[in-house]
Each structure stands twice: as structure tokens, then as C-alpha cells.
Amino acid sequence: MIARYTRPAMGRVWSDARRLERWLEVELAVTAAREKRGAVPAGTTARLRERARIDAERMAAIEAEVGHDVIAFLSMLAESVGDDARHVHVGLTSSDVVDSALALQIVEAGRLLEAGLSALRAAARALAERHRHTPMAGRTHGVHAEPITFGLKCLIWSEELTRGGARLAAALDDCAVGKLSGAVGTLVHLEPVIEVEALAGLGLRPEPVANQVVQRDRHAALMGAIAVLGGTLEKIALEIRHLQRTEVGEVEEPFRERQKGSSAMPHKRNPIRCERVCGLARLLRGYALVAGENQALWHERDISHSSAERVILPDGFVVADFMLAELTAVLEGLKVHPGRMRRNLENGGGVMFSQRVLLALTAAGLARDEAYAIVQAHALTALDEGGSFRARLEADPRVTDVLDKAALASCFDLEATLRNVDALFARAGAPAPELERARA
């Protein structure tokens with residue numbers, strides 16, 4: 001991923017230097033487990049840990065000659081550890097090292113994603129609580145429907161982020177798996193207990209039954225969870241973009257004091273951060289597609305997944321990390337305009353209470369089709385020609401003959417319309433446990 005969208009901590013996790021450090025950790029974990037069981041002279045692992053030097057430039061030079069990155073890594077390592085190199089990589093195949101180290105990177109990167117998601121969810125929940133009772137127009141098909149509150153809109157975001165956190169946590173846990181079972185997964189050169197102990201020392205579980213690789217359904221599910229999370233972030237960003245349109249003007253993403261919105265039009269304040277989030281979500285869906293393609297490999301393994309994973313896994317985590325931070329900054333600094341929300345809500349003189357009027361008329365004895373025709377005619381006229389929907393109803397004897405003044409007025413009671421908002425917040429309850437763990 002280009003530097004523009006790479007945050008430092010996540011970038012470090014997926015750097016070449018960190019990858020090679022993880023490879024070395026896997027090799028040392030296996031040597032330590034073998035030493036514990038007497039297969040390696042005592043003190044070997046300690047000497048290896050002390051002497052091993054990672055020289056990326058030297059490794060690259062060797063790889064240019066041999067055409068194999070793990071062989072180049074082992075040859076480079078041997079130059080610093082000397083004779084003890086013969087105790088390294090015993091009974092392993094390249095994918096044992098690469099896949100187990102990849103799991104370590106995924107676990108590390110996953111913690112960063114979960115922390116970022118926790119911060120975003122907290123920002124959404126804070127907005128929800130702050131605007132729990134801030135009324136606004138609900139919209140379906142982009143058209144005014146019935147009143148809601150901005151807090152309810154934000155609460156929906158918070159709840160969806162919670163579900164995204166649960167999916168992500170499960171997928172990350174499913175990828176905390178390594179293998180040290182050899183070229184076709186038969187553990188022919190290492191005993192099962194060595195695999196279990198070495199991986200446990202790394203904080204991983206063994207793939208119960210493997211071929212040459214950890215099975216890629218795990219990674220496909222992970223990239224799917226990240227892509228679905230990206231869709232949630234896009235959904236939130238898209239809503240903010242819609243609400244920031246000049247004709248709506250109900251919210252605005254933060255705009256710094258010296259920020260400029262357009263090279264040509266000085267008046268512009270564009271929702272560029274939300275637009276970035278929407279654009280980057282498309283990448284995550286693409287990466288998920290590629291991860292699904294990586295599941296099917298020839299027989300016990302081919303290498304067709306490897307080249308794709310070198311792109312989609314680092315980039316997927318980097319992009320998701322950036323999107324989470326970007327959207328958190330937007331929500332934490334979001335400008336909300338309750339006055340504009342109220343004015344938009346009152347557009348048409350109360351047309352958004354049309355269903356309450358319809359139900360009151362039918363309850364009073366009118367046939368539904370007759371009541372619908374009366375209400376629709378007044379509502380559409382108010383929208384098309386201006387004036388007040390409520391006033392038109394109050395002047396229509398077909399309405400006033402069955403509804404007295406108080407009964408008709410009650411149809412336009414905003415508090416009554418939103419009386420169950422607190423009950424909906426109560427349903428949402430406390431933050432999910434996995435987000436609490438990430439925050440801690």
C-alpha cells in the first residue's frame with residue numbers, strides 16, 4: 001500500500017524487516033522445542049538467539065542467485081550463527097516458516113485493527129448518546145419518511161460496528177494457527193509434540209490436519225470479515241456525505257482552519273475524508289474476492305496463492321486501519337446542525353406525520369382507501385405548492401367531521417412519535433466483550 005494510506009504502527013507489522021523477524025522467531029521456537037527434548041545440544045537456542053543477525057541486503061543478494069526467499073534467509077542466517085546453523089530448519093518446509101510467521105503478523109495486526117474499531121465504535125456511541133433526542137427527518141428512497149433522531153441513526157452505526165467486531169475477532173482467532181508438519185503435512189520429520197510446543201511458545205495453535213500449508217479458508221474468512229467491516233465504514237461515510245449536501249446541510253465532517261476545499265472555488269467544504277473511506281472500501285471487497293480464489297490449490301499445495309497474499313493481506317490490514325482512523329476522526333469532530341434538521345423536518349408543514357393522520361382517520365371510522373386519498377392529496381399539494389399540510393387538514397370538513405381539534409393536533413405530536421427512542425437505546429445495551437478487550 002502506498003505511504004499515503006499507511007499508518008506507522010500497521011506499516012511496521014507488514015514491513016519486510018518484521019516479516020524476517022517473525023521467520024526467525026519460528027525457527028528458534030522449533031529449535032527450542034527440539035532442545036527441550038534432547039534432539040539439540042543444550043545451549044544451542046541461546047547461542048542462536050544471541051548470534052543471529054538479519055541482513056536484508058545480504059538476503060536479497062543471495063535470493064537473486066538462488067531464486068528462493070526462504071533458502072536465501074537460511075543462508076544469510078548461517079553466515080552469522082556458524083556451525084549451529086545445522087540445527088535450524090530441521091524437519092521443516094518453507095511454508096512451515098512462512099505460514100506460521102504469517103499467523104503471527106495477522107495476530108499482531110489484528111490487535112491494531114480491533115483497537116481502531118473500538119475507538120470508532122466509541123465515537124459512534126458517543127454521538128448516539130449526545131443526539132439521542134435530536135429530531136430529524138427519516139428518509140427512505142432518499143425522500144422524507146417519518147421523524148427519527150440523529151442519535152438513532154448513530155446507534156445503528158454503533159450496533160453494526162459491534163457485529164463487525166465480533167466477526168473480526170472470530171476470524172482473527174481462526175487465523176492464529178501455524179503448522180510445522182513438513183512438506184505434505186505428515187509430521188514425518190518432527191513429532192506432533194514438537195509442533196504443539198513450538199507453536200504454543202509463539203501463541204499459536206497447530207492446524208489440526210494440514211498439507212503443505214495452513215488451509216486458506218481461514219484467510220478467506222478473515223478477508224471477508226474485513227471487507228464486510230469496510231462496507232459498514234462505507235455505509236457510515238456515505239450517509240455523512242448525503243447529509244452534508246448543500247440542499248440538506250444537517251452534518252459536516254471536520255474542516256480545519258487553514259484547509260482548502262477546491263483549487264478553483266474558495267467556498268467549498270467537501271466531505272473528502274468520507275469520500276476516501278468510500279473509495280477504499282472497494283479495495284477491501286476486491287481483496288476478499290482474491291482471498292476466496294486462493295482457497296483452491298493443486299493437490300497438497302501450489303504457489304499460486306503466495307504472490308496474491310503478499311499484496312492482499314498487508315494491504316487489506318493497512319487500508320482497514322487507515323479507514324478506521326479516518327472515520328473515527330470524522331465522527332469525533334462531526335459538526336451536527338440540529339436547527340437545520342428541525343427545519344428540514346418541518347418541510348411541507350408536517351407531511352411526515354401523514355401516517356399518524358391516516359391511522360387516526362381510519363380509527364375514527366373512515367375506510368382506509370378514502371382516508372389515504374384525503375391525506376395523500378393534502379400532503380402532495382403542500383409539498384408541490386407550499387403551505388402547511390396540517391392547515392389544509394384543519395380546513396377539510398371530511399377530516400374535522402371525524403377528528404376534533406385535539407385529536408388532529410395529537411397526530412403532529414413529535415414527542416409521541418419518538419416516545420420509544422429510549423427503549424431502542426436500552427435494547428442496544430453495553431459494548432460487546434471483544435471490543436472491551438481491545439480497548440483494554
# chains A, B, ... in the order shown; residues from 1 in each chain; ligands from 1
call {"tool": "closest_atom_pairs", "arguments": {"of": "range 246-327 of chain A", "to": "range 125-142 of chain A", "cutoff": "12 Å", "atoms": "only C-alpha atoms", "output": "Markdown table"}}
result
| residue | atom | partner | partner_atom | distance |
| --- | --- | --- | --- | --- |
| A:Val248 | CA | A:Ala137 | CA | 10.4 |
| A:Gly249 | CA | A:Met136 | CA | 11.8 |
| A:Glu250 | CA | A:Met136 | CA | 8.8 |
| A:Val251 | CA | A:Met136 | CA | 11.3 |
call {"tool": "write_last_selection", "arguments": {"atoms": "C-alpha atoms", "output": "PDB file, in the first residue's frame"}}
result
ATOM      1  CA  VAL A 248     -29.606  19.027   3.218  1.00  0.00           C
ATOM      2  CA  GLY A 249     -26.890  20.642   5.380  1.00  0.00           C
ATOM      3  CA  GLU A 250     -27.543  18.618   8.527  1.00  0.00           C
ATOM      4  CA  VAL A 251     -23.981  17.486   9.324  1.00  0.00           C
TER       5      VAL A 251
END
call {"tool": "select_by_dssp", "arguments": {"residues": "range 107-303 of chain A", "states": "strand (DSSP E or B)", "output": "list in words"}}
result
Pro135, Met136, Ala137, Gly138, Arg139, Thr140, Val143, His144, Ala145, Glu146, Pro147, Ile148, Thr149, Val177, Gly178, Arg205, Pro206, Val251 and Glu252 of chain A
call {"tool": "atom_distance", "arguments": {"atom1": "CA of Val290 in chain A", "atom2": "CA of Thr162 in chain A"}}
result
25.8 Å
call {"tool": "select_by_dssp", "arguments": {"residues": "range 61-169 of chain A", "states": "alpha helix (DSSP H)", "output": "PyMOL selection string"}}
result
chain A and resi 61-66+69-81+94-130+150-169
call {"tool": "write_last_selection", "arguments": {"atoms": "C-alpha atoms", "output": "PDB file, in the first residue's frame"}}
result
ATOM      1  CA  ALA A  61      21.740 -10.762  -2.915  1.00  0.00           C
ATOM      2  CA  ILE A  62      21.513 -14.489  -2.170  1.00  0.00           C
ATOM      3  CA  GLU A  63      17.906 -14.648  -3.366  1.00  0.00           C
ATOM      4  CA  ALA A  64      18.906 -13.040  -6.643  1.00  0.00           C
ATOM      5  CA  GLU A  65      21.196 -16.029  -7.165  1.00  0.00           C
ATOM      6  CA  VAL A  66      19.121 -18.929  -5.804  1.00  0.00           C
ATOM      7  CA  ASP A  69      13.469 -16.375  -0.398  1.00  0.00           C
ATOM      8  CA  VAL A  70      13.448 -18.892   2.484  1.00  0.00           C
ATOM      9  CA  ILE A  71      16.653 -20.567   1.261  1.00  0.00           C
ATOM     10  CA  ALA A  72      18.216 -17.105   0.984  1.00  0.00           C
ATOM     11  CA  PHE A  73      17.064 -16.351   4.530  1.00  0.00           C
ATOM     12  CA  LEU A  74      18.614 -19.554   5.897  1.00  0.00           C
ATOM     13  CA  SER A  75      21.880 -18.996   4.024  1.00  0.00           C
ATOM     14  CA  MET A  76      22.061 -15.423   5.298  1.00  0.00           C
ATOM     15  CA  LEU A  77      21.375 -16.644   8.837  1.00  0.00           C
ATOM     16  CA  ALA A  78      24.074 -19.298   8.622  1.00  0.00           C
ATOM     17  CA  GLU A  79      26.681 -16.631   7.968  1.00  0.00           C
ATOM     18  CA  SER A  80      26.087 -15.155  11.424  1.00  0.00           C
ATOM     19  CA  VAL A  81      25.406 -18.273  13.525  1.00  0.00           C
ATOM     20  CA  SER A  94       9.406 -23.321   3.699  1.00  0.00           C
ATOM     21  CA  SER A  95       5.646 -22.982   4.226  1.00  0.00           C
ATOM     22  CA  ASP A  96       6.011 -24.100   7.846  1.00  0.00           C
ATOM     23  CA  VAL A  97       8.051 -20.988   8.489  1.00  0.00           C
ATOM     24  CA  VAL A  98       6.156 -18.647   6.178  1.00  0.00           C
ATOM     25  CA  ASP A  99       2.635 -19.628   7.278  1.00  0.00           C
ATOM     26  CA  SER A 100       3.409 -19.710  10.985  1.00  0.00           C
ATOM     27  CA  ALA A 101       5.116 -16.333  10.772  1.00  0.00           C
ATOM     28  CA  LEU A 102       2.179 -15.000   8.749  1.00  0.00           C
ATOM     29  CA  ALA A 103      -0.141 -16.045  11.570  1.00  0.00           C
ATOM     30  CA  LEU A 104       1.996 -14.029  13.990  1.00  0.00           C
ATOM     31  CA  GLN A 105       1.729 -10.974  11.744  1.00  0.00           C
ATOM     32  CA  ILE A 106      -2.035 -11.423  11.447  1.00  0.00           C
ATOM     33  CA  VAL A 107      -2.403 -11.650  15.235  1.00  0.00           C
ATOM     34  CA  GLU A 108      -0.303  -8.526  15.726  1.00  0.00           C
ATOM     35  CA  ALA A 109      -2.081  -6.584  13.006  1.00  0.00           C
ATOM     36  CA  GLY A 110      -5.429  -7.801  14.300  1.00  0.00           C
ATOM     37  CA  ARG A 111      -4.839  -6.215  17.685  1.00  0.00           C
ATOM     38  CA  LEU A 112      -4.321  -2.866  15.967  1.00  0.00           C
ATOM     39  CA  LEU A 113      -7.499  -3.275  13.932  1.00  0.00           C
ATOM     40  CA  GLU A 114      -9.530  -4.205  17.000  1.00  0.00           C
ATOM     41  CA  ALA A 115      -8.213  -1.175  18.873  1.00  0.00           C
ATOM     42  CA  GLY A 116      -9.121   1.070  15.935  1.00  0.00           C
ATOM     43  CA  LEU A 117     -12.566  -0.459  15.711  1.00  0.00           C
ATOM     44  CA  SER A 118     -13.076   0.030  19.426  1.00  0.00           C
ATOM     45  CA  ALA A 119     -12.273   3.736  19.101  1.00  0.00           C
ATOM     46  CA  LEU A 120     -14.658   4.152  16.168  1.00  0.00           C
ATOM     47  CA  ARG A 121     -17.444   2.311  17.921  1.00  0.00           C
ATOM     48  CA  ALA A 122     -16.963   4.518  20.981  1.00  0.00           C
ATOM     49  CA  ALA A 123     -17.173   7.639  18.795  1.00  0.00           C
ATOM     50  CA  ALA A 124     -20.388   6.413  17.182  1.00  0.00           C
ATOM     51  CA  ARG A 125     -21.906   5.520  20.543  1.00  0.00           C
ATOM     52  CA  ALA A 126     -20.955   8.912  21.997  1.00  0.00           C
ATOM     53  CA  LEU A 127     -22.675  10.662  19.079  1.00  0.00           C
ATOM     54  CA  ALA A 128     -25.706   8.445  19.574  1.00  0.00           C
ATOM     55  CA  GLU A 129     -25.996   9.370  23.247  1.00  0.00           C
ATOM     56  CA  ARG A 130     -25.357  13.063  22.602  1.00  0.00           C
ATOM     57  CA  PHE A 150     -29.901  11.570  14.791  1.00  0.00           C
ATOM     58  CA  GLY A 151     -28.963   9.532  17.829  1.00  0.00           C
ATOM     59  CA  LEU A 152     -30.885   6.536  16.487  1.00  0.00           C
ATOM     60  CA  LYS A 153     -29.012   6.802  13.201  1.00  0.00           C
ATOM     61  CA  CYS A 154     -25.695   6.788  15.064  1.00  0.00           C
ATOM     62  CA  LEU A 155     -26.855   3.939  17.303  1.00  0.00           C
ATOM     63  CA  ILE A 156     -27.432   1.806  14.212  1.00  0.00           C
ATOM     64  CA  TRP A 157     -23.830   2.526  13.214  1.00  0.00           C
ATOM     65  CA  SER A 158     -22.591   1.570  16.664  1.00  0.00           C
ATOM     66  CA  GLU A 159     -24.528  -1.696  16.670  1.00  0.00           C
ATOM     67  CA  GLU A 160     -23.296  -2.676  13.220  1.00  0.00           C
ATOM     68  CA  LEU A 161     -19.722  -1.910  14.251  1.00  0.00           C
ATOM     69  CA  THR A 162     -20.221  -4.199  17.246  1.00  0.00           C
ATOM     70  CA  ARG A 163     -21.273  -7.037  14.948  1.00  0.00           C
ATOM     71  CA  GLY A 164     -18.299  -6.287  12.736  1.00  0.00           C
ATOM     72  CA  GLY A 165     -16.051  -6.553  15.777  1.00  0.00           C
ATOM     73  CA  ALA A 166     -17.459  -9.959  16.646  1.00  0.00           C
ATOM     74  CA  ARG A 167     -16.903 -11.232  13.095  1.00  0.00           C
ATOM     75  CA  LEU A 168     -13.390  -9.830  13.026  1.00  0.00           C
ATOM     76  CA  ALA A 169     -12.473 -11.319  16.405  1.00  0.00           C
TER      77      ALA A 169
END
